Amino acid sequence: MSTEDLPPIPPLAAAEELAREGEAAKGGPATTTGIPGRERAERIRSVIAYTVMFLVAALFAIPFLWSVSTSFRTLADTLGGFSLLPRHWTTSGYHEAFHTFNFGRYTLNSAIIAGAITVSNLFLASLGGYAFARLKFPGREVLFMLVLGTLMIPDQLRLVPIYLMLVNWIPSWVGHLGFHNASFVNRNGVILIQLVSASSLFLMRQYFLTIPRDLEEAAKLDGASYFKTYRKVMLPLAGPALAAVGILTFQGSWNGLFWPAILLQDRSQFTIPIGIANFRFAYTTLWPPLMAASVLAILPILALFIVFQRYFVAGVAAAGVKG
Amino acid sequence: MATVTYDHVTKEFGDTKAVNDLALDIQDGEFMVLVGPSGCGKTTALRMLAGLEKVSDGRILIGDRVVNNVAPQHRDIAMVFQSYALYPHMTVFDNLAFGLRNQKIPKKDIDQRVRRAVDILDLGPLVKRKPKQLSGGQRQRVALGRAIVREPAAFLMDEPLSNLDAKLRVQTRAEILKLQNTLGTTTIYVTHDQVEAMTMGHRIAVMSLGVLQQVGSPEDVYTDPVNVFVAGFIGSPAMNLVPAPLLDGAGGQDRIAGFRPEHIDLGNGRADAIAFTARVEVVEYLGDEQLVHMTRKDTPLQAKLPVEEKLGLGQEAEFSVPRDKLLLFDAQTQQRVRA
């Protein structure tokens, strides 16, 4: 709508608008769009911003589109130089991924591991986050700093101690459950060491800090215990943070390669990333099935993100607002 | 219902005494208003009674029971928060029933008590709504309902009207008073608004800097303030507090003279009045009366006069204050000096 189409502005309203824009004292025109210099500057800013955003988006999108395109090629086509679209379209890559490489089994294994880790993170991180946000106990801040400190220790550094613990200590503690060294250091080990992460705990704590304390005090006066307050009042209000933790954890463990590659020794328990790595051989790489498996592996994450996107953004944003 | 006693209660936050040696007896069924400016310790006093803050020193009694170490839910009190603190994910019904369910009260009794509160507060059509679907006034009524269903020994209210607009505030003020009259429950009401305090409380406890300044009926506190703080805080517009020598014959250098704007008359007035001249600066027309801002020897004064008295801006006019309406305070101790 152009300014000519607008109804005439009553004098008082126009004066208020001018005052708001800080233009009244200058005696400038009634609307900001009428200022040629400012309009040009804004247009240039927009063009620069959109160009940068387009380039960044392309940087992320092109490799992804290229993998989708490769998944529909023949092996020979993948060796014939770069082209965005396949020369000969085929679904043989997908067929091979499912039938030759037992993709279904890998998917199930990934789902079990990612599902278990996600559920335990949601439960433990929300409990711990609530405790760090609201319960007063001696050493709370020091303990929280220690938890955050674990984020700075790379997994490669923890590898040997964790592996030794999983092989030597834990099976001896839980030996009566029928675990032997080798059988425990498999799926159970991968799940156990990722039951709760410091980042999940941090995200939940930050979100709980944004929930008004009055609600907890009201619950206290209403006779709710700490756990009941957590379960009945705090947790239902933490939906966005739970969505963020859920998506981030599921995505992390679904795509995780490091710990599964170290700890999964039984081939029947391999996850998708390990399965995908198996498409590479010493002298050749089977690009079409590798890319087909990669594309399929993305779908659950994509679906999860689309469904929970709104909460995810709100959760991450809120967690960042208050420290 | 029960009495509430603050027995020389102190609350310290580090080196700061938020409440200092508070001694206050609240009678069974009484509506007591704690009033004072921000940071005077009134909310801390209320939160200590609720059990949300620990008492540093002294005792708090509800009835005959010392409650210093009793958990909030076992104190038999209900609190209305300034923010209402309604559970956003629960319906109005669930908000009202939450506390009763935690007490493991039979479902039939819960329904009955919630229905009663709903009827009293006229919340019938709203029971299935969530707080975000309610207006400010409706939320306020639900918050009151949550207190009513508990059938507590005492209601604690922490500035419950401060989030409402002026019109709704007056209306809700009357509703709370009616409710308190009907239920006869001991009520401790915290506000910084002295008009609210004057209109609602059986008695008012005025606090400043953590110290209780004066307790009494609204009339007592208004007409017979014990010190300069109470005299200046209670009443709107505020009492004129000026060095006594400003008015001829009022007192010496060591005295502060206090007189209410409505006690100033235009002209020489009665024989026992102190007359003075002042320069009219601004006149605010209030409909039934006018508020005149004036200065005498650069000291600002306010007078409430009938609208019929015509005064021009900049005019030097003669005013008077009856001697029996003049209060004197010690300039050093700020305490009232009685003749």
# chains A, B, ... in the order shown; residues from 1 in each chain; ligands from 1

$ residues_around --residues "A:Ala125" --least-positions-apart "5" --cutoff "10 Å" --atoms "only C-alpha atoms" --output "PyMOL selection string"
chain A and resi 119-120+130-131+195-205+242+245

$ interface_residues --of "chain B" --to "chain A" --cutoff "9 Å" --atoms "only C-alpha atoms" --output "number ranges by chain"
B: 50-52, 71-75, 77-89, 98-103, 150

$ atom_distance --atom1 "atom CA of B:Pro300" --atom2 "atom CA of B:Val242"
8.6 Å

$ select_by_dssp --residues "stretch 60-297 of chain A" --states "alpha helix (DSSP H)" --output "JSON, numbers by chain"
{"A": [60, 61, 62, 63, 64, 65, 66, 67, 68, 69, 70, 71, 75, 76, 77, 78, 92, 93, 94, 95, 96, 97, 98, 99, 103, 104, 105, 106, 107, 108, 109, 110, 111, 112, 113, 114, 115, 116, 117, 118, 119, 120, 121, 122, 123, 124, 125, 126, 127, 128, 129, 130, 131, 132, 133, 134, 140, 141, 142, 143, 144, 145, 146, 147, 148, 149, 155, 156, 157, 158, 159, 160, 161, 162, 163, 164, 170, 171, 172, 173, 181, 182, 183, 184, 187, 188, 189, 190, 191, 192, 198, 199, 200, 201, 202, 203, 204, 205, 206, 207, 208, 209, 210, 213, 214, 215, 216, 217, 218, 219, 220, 221, 226, 227, 228, 235, 236, 237, 239, 240, 241, 242, 243, 244, 245, 246, 247, 248, 249, 250, 251, 252, 253, 254, 255, 258, 259, 260, 261, 262, 263, 272, 273, 274, 275, 276, 277, 287, 288, 289, 290, 291, 292, 293, 294, 295, 296, 297]}

$ residues_around --residues "B:Leu134" --least-positions-apart "5" --cutoff "12 Å" --atoms "only C-alpha atoms" --output "list in words"
Leu86, Pro88, Thr91, Val92, Leu123, Pro125, Leu126, Val127, Lys128, Arg129, Arg139, Gln140, Arg141, Val142 and Ala143 of chain B

$ residues_around --residues "A:Leu108" --least-positions-apart "5" --cutoff "9 Å" --atoms "only C-alpha atoms" --output "JSON, numbers by chain"
{"A": [103, 113, 269, 271, 272]}

$ residues_around --residues "A:Phe64" --least-positions-apart "3" --cutoff "12 Å" --atoms "only C-alpha atoms" --output "list in words"
Ala57, Ala58, Leu59, Phe60, Ala61, Ser67, Val68, Ser69, Thr70, Ser71, Leu84, Met291, Ala292, Ser294, Val295 and Ile298 of chain A

$ select_by_dssp --residues "stretch 67-239 of chain B" --states "strand (DSSP E)" --output "PyMOL selection string"
chain B and resi 77-80+154-158+186-191+203-208+211-216
